[in-house]
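One file, upload11.tsv, is given below (TSV, C-alpha atoms).
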```
chain	number	residue	atom	x	y	z
A	7	MET	CA	-25.68	13.36	12.14
A	8	GLY	CA	-27.92	16.21	13.20
A	9	TRP	CA	-28.56	17.72	9.76
A	10	SER	CA	-30.88	16.85	6.93
A	11	LEU	CA	-32.12	18.04	3.60
A	12	ASP	CA	-34.72	20.76	3.73
A	13	SER	CA	-36.66	23.02	1.44
A	14	GLU	CA	-34.41	26.04	1.94
A	15	TRP	CA	-32.05	24.74	-0.72
A	16	CYS	CA	-34.61	25.00	-3.52
A	17	PRO	CA	-33.84	27.98	-5.83
A	18	ALA	CA	-36.27	30.87	-5.55
A	19	ASN	CA	-37.96	32.13	-8.70
A	20	GLN	CA	-36.00	35.02	-10.11
A	21	GLN	CA	-37.88	37.88	-11.78
A	22	PRO	CA	-36.24	39.33	-14.92
A	23	ALA	CA	-35.12	42.92	-14.64
A	24	THR	CA	-37.20	45.42	-16.58
A	25	THR	CA	-35.38	47.80	-18.90
A	26	MET	CA	-36.44	50.85	-20.90
A	27	VAL	CA	-36.22	50.33	-24.64
A	28	ASN	CA	-37.63	53.61	-25.99
A	29	ALA	CA	-35.56	56.11	-23.99
A	30	PRO	CA	-32.86	58.14	-25.81
A	31	PRO	CA	-29.33	56.75	-25.51
A	32	THR	CA	-27.24	57.95	-22.58
A	33	PRO	CA	-23.67	59.07	-23.27
A	34	PRO	CA	-21.12	56.66	-21.77
A	35	PRO	CA	-19.40	57.75	-18.54
A	36	THR	CA	-15.98	59.26	-19.01
A	37	SER	CA	-14.69	60.51	-15.66
A	38	ALA	CA	-13.79	58.42	-12.62
A	39	THR	CA	-16.68	59.98	-10.71
A	40	GLU	CA	-19.15	59.06	-13.41
A	41	LEU	CA	-17.84	55.49	-13.56
A	42	GLN	CA	-18.23	55.11	-9.79
A	43	ASP	CA	-21.77	56.53	-9.95
A	44	GLN	CA	-22.63	54.08	-12.71
A	45	SER	CA	-21.30	51.14	-10.68
A	46	ARG	CA	-23.34	52.16	-7.65
A	47	SER	CA	-26.46	52.57	-9.78
A	48	GLN	CA	-26.01	49.14	-11.37
A	49	ALA	CA	-25.52	47.50	-7.98
A	50	GLN	CA	-28.67	49.17	-6.60
A	51	ALA	CA	-30.66	48.16	-9.68
A	52	SER	CA	-29.50	44.55	-9.39
A	53	SER	CA	-30.49	44.43	-5.73
A	54	SER	CA	-33.94	45.93	-6.42
A	55	ASN	CA	-34.65	43.31	-9.09
A	56	LEU	CA	-34.21	40.38	-6.67
A	57	PRO	CA	-37.37	38.90	-5.08
A	58	ALA	CA	-38.02	40.23	-1.60
A	59	SER	CA	-37.50	36.79	-0.05
A	60	THR	CA	-34.00	36.40	-1.51
A	61	SER	CA	-31.03	37.24	0.71
A	62	PRO	CA	-27.28	36.75	0.12
A	63	ALA	CA	-27.27	33.72	2.42
A	64	THR	CA	-30.23	32.17	0.60
A	65	THR	CA	-28.63	32.78	-2.78
A	66	GLY	CA	-25.50	31.01	-1.61
A	67	GLN	CA	-27.41	28.02	-0.33
A	68	GLU	CA	-29.29	27.69	-3.61
A	69	SER	CA	-26.08	27.10	-5.56
A	70	PHE	CA	-25.27	23.79	-3.88
A	71	PRO	CA	-28.02	21.53	-5.23
A	72	ALA	CA	-27.66	23.20	-8.64
A	73	THR	CA	-23.95	22.39	-8.97
A	74	PHE	CA	-23.98	19.02	-7.21
A	75	PRO	CA	-25.04	16.94	-10.27
A	76	LEU	CA	-22.19	18.47	-12.27
A	77	ILE	CA	-19.72	17.65	-9.47
A	78	VAL	CA	-20.99	14.05	-9.42
A	79	ASP	CA	-20.59	13.83	-13.20
A	80	LEU	CA	-17.04	15.23	-13.14
A	81	ALA	CA	-16.04	12.86	-10.35
A	82	GLY	CA	-17.43	9.88	-12.26
A	83	LYS	CA	-15.39	10.85	-15.33
A	84	GLY	CA	-12.25	11.39	-13.28
A	85	GLN	CA	-12.08	15.03	-14.41
A	86	TYR	CA	-10.62	16.17	-11.13
A	87	ASN	CA	-9.16	19.49	-12.23
A	88	GLU	CA	-12.53	20.59	-13.59
A	89	LEU	CA	-14.20	19.37	-10.40
A	90	LEU	CA	-11.84	21.44	-8.26
A	91	LEU	CA	-12.52	24.57	-10.30
A	92	LYS	CA	-16.30	24.21	-10.09
A	93	ALA	CA	-16.34	23.27	-6.39
A	94	GLU	CA	-13.97	26.09	-5.42
A	95	GLU	CA	-16.01	28.62	-7.38
A	96	THR	CA	-19.23	27.45	-5.74
A	97	ASP	CA	-17.89	27.43	-2.20
A	98	VAL	CA	-15.94	30.67	-2.36
A	99	LEU	CA	-18.89	32.58	-3.80
A	100	SER	CA	-21.06	31.23	-0.99
A	101	ASN	CA	-18.59	31.45	1.87
A	102	THR	CA	-21.09	33.12	4.19
A	103	SER	CA	-23.45	30.15	4.10
A	104	ARG	CA	-23.97	28.33	7.40
A	105	SER	CA	-26.23	25.68	5.89
A	106	PRO	CA	-25.20	22.00	6.05
A	107	SER	CA	-25.88	21.92	2.31
A	108	ARG	CA	-22.41	23.44	1.92
A	109	LEU	CA	-20.95	19.99	2.54
A	110	PHE	CA	-22.36	18.90	-0.82
A	111	THR	CA	-19.55	20.99	-2.29
A	112	VAL	CA	-16.85	20.92	0.38
A	113	SER	CA	-16.79	17.14	0.84
A	114	PRO	CA	-15.95	16.29	-2.79
A	115	LEU	CA	-13.66	19.32	-2.94
A	116	VAL	CA	-11.58	18.09	0.01
A	117	LEU	CA	-11.43	14.48	-1.16
A	118	THR	CA	-10.46	15.48	-4.69
A	119	TYR	CA	-7.59	17.54	-3.34
A	120	LEU	CA	-6.44	14.44	-1.44
A	121	ILE	CA	-6.67	12.33	-4.58
A	122	MET	CA	-4.50	14.93	-6.32
A	123	ASP	CA	-2.03	14.79	-3.39
A	124	ASN	CA	-2.58	18.44	-2.49
A	125	THR	CA	-3.41	18.68	1.21
A	126	PRO	CA	-2.95	22.43	1.99
A	127	PRO	CA	-6.01	23.61	0.01
A	128	ALA	CA	-7.98	20.68	1.43
A	129	GLN	CA	-7.16	21.92	4.93
A	130	TYR	CA	-8.11	25.48	3.98
A	131	ALA	CA	-11.44	24.40	2.49
A	132	LEU	CA	-12.38	22.88	5.86
A	133	ALA	CA	-10.91	25.74	7.90
A	134	ARG	CA	-13.12	28.34	6.21
A	135	LEU	CA	-16.32	26.54	7.23
A	136	PRO	CA	-18.26	28.36	9.97
A	137	ASP	CA	-18.38	26.96	13.51
A	138	PRO	CA	-21.78	25.21	13.24
A	139	LEU	CA	-20.48	23.13	10.33
A	140	GLN	CA	-17.11	22.41	11.97
A	141	THR	CA	-18.78	20.23	14.58
A	142	LEU	CA	-20.70	17.97	12.22
A	143	PRO	CA	-19.52	14.33	12.17
A	144	LEU	CA	-18.85	14.46	8.43
A	145	THR	CA	-16.66	17.55	8.77
A	146	ARG	CA	-14.72	16.03	11.66
A	147	ALA	CA	-14.18	12.79	9.74
A	148	LEU	CA	-12.88	14.73	6.72
A	149	LEU	CA	-10.59	16.79	8.92
A	150	ASP	CA	-9.18	13.69	10.63
A	151	LEU	CA	-8.37	12.17	7.24
A	152	VAL	CA	-6.81	15.37	5.90
A	153	ASN	CA	-4.63	15.85	8.97
A	154	ALA	CA	-3.42	12.25	8.95
A	155	THR	CA	-2.60	12.53	5.24
A	156	SER	CA	-0.77	15.82	5.71
A	157	GLU	CA	1.37	14.32	8.47
A	158	ARG	CA	1.87	11.05	6.55
A	159	GLN	CA	0.61	8.99	9.48
A	160	TYR	CA	0.17	5.90	7.32
A	161	SER	CA	-1.69	3.63	9.70
A	162	LYS	CA	-4.07	6.45	10.64
A	163	ILE	CA	-4.70	7.41	7.02
A	164	TYR	CA	-6.16	4.02	6.13
A	165	ALA	CA	-8.07	3.77	9.40
A	166	ARG	CA	-9.62	7.21	9.02
A	167	ALA	CA	-10.47	6.61	5.39
A	168	GLU	CA	-12.27	3.44	6.47
A	169	SER	CA	-14.03	5.37	9.24
A	170	LEU	CA	-15.24	8.03	6.80
A	171	PHE	CA	-16.41	5.34	4.39
A	172	GLY	CA	-18.31	3.66	7.22
A	173	LEU	CA	-19.92	6.94	8.27
A	174	VAL	CA	-21.42	7.72	4.87
A	175	THR	CA	-22.59	4.15	4.24
A	176	GLN	CA	-24.70	4.05	7.41
A	177	ALA	CA	-28.42	3.66	6.82
A	178	ASP	CA	-29.24	6.95	8.54
A	179	PHE	CA	-26.87	9.12	6.49
A	180	PRO	CA	-28.95	12.10	5.31
A	181	ASP	CA	-28.46	11.86	1.54
A	182	VAL	CA	-27.88	8.75	-0.57
A	183	LYS	CA	-26.32	10.56	-3.54
A	184	LEU	CA	-23.85	12.45	-1.38
A	185	ALA	CA	-23.00	9.22	0.45
A	186	SER	CA	-22.33	7.44	-2.86
A	187	LEU	CA	-20.10	10.25	-4.12
A	188	ILE	CA	-18.07	10.40	-0.91
A	189	ALA	CA	-17.69	6.61	-0.76
A	190	ASN	CA	-16.40	6.50	-4.34
A	191	LEU	CA	-13.98	9.38	-3.77
A	192	VAL	CA	-12.65	7.82	-0.55
A	193	THR	CA	-12.04	4.57	-2.43
A	194	ASN	CA	-10.26	6.43	-5.23
A	195	PHE	CA	-8.16	8.34	-2.72
A	196	VAL	CA	-7.02	5.18	-0.92
A	197	GLU	CA	-6.10	3.54	-4.22
A	198	ALA	CA	-4.19	6.62	-5.41
A	199	PHE	CA	-2.43	7.10	-2.08
A	200	ARG	CA	-1.48	3.43	-1.88
A	201	GLN	CA	-0.09	3.51	-5.42
A	202	ARG	CA	1.98	6.62	-4.69
A	203	THR	CA	3.28	5.06	-1.49
A	204	PHE	CA	4.19	1.81	-3.25
A	205	THR	CA	6.12	3.77	-5.87
A	206	LEU	CA	8.02	5.69	-3.18
A	207	ILE	CA	9.02	2.68	-1.09
A	208	SER	CA	10.00	0.74	-4.22
A	209	LYS	CA	12.49	3.49	-5.03
A	210	ALA	CA	13.65	4.01	-1.44
A	211	TYR	CA	14.20	0.40	-0.34
A	212	SER	CA	15.83	-2.58	-1.96
A	213	SER	CA	14.18	-4.75	0.68
A	214	LEU	CA	11.56	-4.08	3.34
A	215	PRO	CA	10.15	-6.17	6.21
A	216	LEU	CA	6.63	-7.33	5.49
A	217	SER	CA	5.35	-5.80	8.72
A	218	ILE	CA	6.60	-2.36	7.65
A	219	ALA	CA	5.10	-2.78	4.19
A	220	GLN	CA	1.75	-3.54	5.82
A	221	VAL	CA	1.86	-0.20	7.64
A	222	TYR	CA	2.81	1.75	4.52
A	223	LEU	CA	0.24	0.11	2.27
A	224	GLY	CA	-2.56	-0.60	4.73
A	225	LEU	CA	-2.93	-4.17	3.47
A	226	PRO	CA	-2.65	-7.64	5.03
A	227	GLY	CA	0.61	-9.43	4.38
A	228	ASP	CA	-0.91	-12.07	2.09
A	229	GLN	CA	-2.36	-9.39	-0.19
A	230	ILE	CA	0.99	-7.61	-0.41
A	231	ILE	CA	2.77	-10.86	-1.27
A	232	ALA	CA	0.14	-11.70	-3.87
A	233	GLY	CA	0.40	-8.22	-5.34
A	234	LEU	CA	4.20	-8.40	-5.56
A	235	PHE	CA	3.91	-11.81	-7.23
A	236	TYR	CA	1.63	-10.43	-9.94
A	237	ILE	CA	3.97	-7.48	-10.46
A	238	TYR	CA	6.88	-9.90	-10.84
A	239	ILE	CA	4.94	-11.99	-13.37
A	240	TYR	CA	3.99	-8.85	-15.29
A	241	ILE	CA	7.65	-7.78	-15.51
A	242	ILE	CA	8.75	-11.25	-16.70
A	243	VAL	CA	6.03	-11.49	-19.34
A	244	TYR	CA	6.23	-7.96	-20.67
```
Produce structure tokens that represent the structure in this file.
Amino acid sequence: MGWSLDSEWCPANQQPATTMVNAPPTPPPTSATELQDQSRSQAQASSSNLPASTSPATTGQESFPATFPLIVDLAGKGQYNELLLKAEETDVLSNTSRSPSRLFTVSPLVLTYLIMDNTPPAQYALARLPDPLQTLPLTRALLDLVNATSERQYSKIYARAESLFGLVTQADFPDVKLASLIANLVTNFVEAFRQRTFTLISKAYSSLPLSIAQVYLGLPGDQIIAGLFYIYIYIIVY
């Protein structure tokens, strides 16, 4: 895919800020001018306490590997609202990053929005990526899926979900853990989308040609018939 893991994502060692403990207390600022001066002084002090090798871009890149295990854990537990909050916080705070590592956050963020049937923020999460990341195969595959879902192009939705699944399960995909997370989220999205679609067409149609149902549900006819049979049996029994 043209990008791989590298050492630039490893957090740099942070040095604790030194403070004076024996100096006499300073009266708190009272005027607007004093408050502004204090804010500027605090910002300068914070900057001077960072290691010389640390830059805003590097700091942003460091956050991705640190938060990724938590995102994986939240996805595995189906805690999608918490996942969205953590992923949004991570990506927005690091929105100047041009590193491919950003996809460790954006990919699950976008797919979770699709699972929750909320496509506009999924589109925005991809739109705010910088140009170098827009051209990556993974980004393009996510965008194709999001656009098809937004436009309710049913046949394309299932095809593009399958294409994305195939992309991340290739042997040369850069990261196994990211591939596993994306594959699981794609599967969950397809199941959730298919269930929502089935509910909608069940309410909208008293009868539906099998060929049309295949388009809506992205399933072969025999699986749809078998599924309807089991639903019928469930209704009779319960």
Quiz item: What's the 9 Å shell around range 143-148 of chain A, counting all atoms listed in the file, without same-chain residues fewer than 4 positions away, as a ChimeraX atom specification?
Solution: /A:7-8,109,113,116-117,132,139,152-153,166-167,169-170,173-174
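Among the candidates A:Ala72, A:Val78, A:Ile230, A:Leu223, the residue lying nearest to Gln159 in chain A is A:Leu223 (atoms considered: only C-alpha atoms).
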Quiz prompt | Polymer residues at most 10 Å from Val192 in chain A, all atoms listed in the file, same-chain spacing of 5 or more positions, as a list in words | solution = Pro114, Leu117, Thr118, Leu120, Ile121, Leu151, Ala167, Glu168, Leu170, Phe171, Ser186, Leu187, Glu197 and Ala198 of chain A
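Each of A:Thr141, A:Thr96, A:Ser208, A:Ser217 was checked against Ser161 in chain A using only C-alpha atoms; the smallest atom-to-atom distance is that of A:Ser217.
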Quiz item: Near Glu95 in chain A, counting all atoms listed in the file, which residues have an atom at most 12 Å away, once you skip same-chain residues fewer than 4 positions from it, shown as number ranges by chain?
Solution: A: 66, 69-70, 73, 77, 88-91, 99-101, 111-112, 115, 131
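Between CA of Asp181 in chain A and CA of Gly84 in chain A the interatomic distance comes to 22.0 Å.
CA of Thr205 in chain A is positioned 24.5 Å from CA of Ala189 in chain A.
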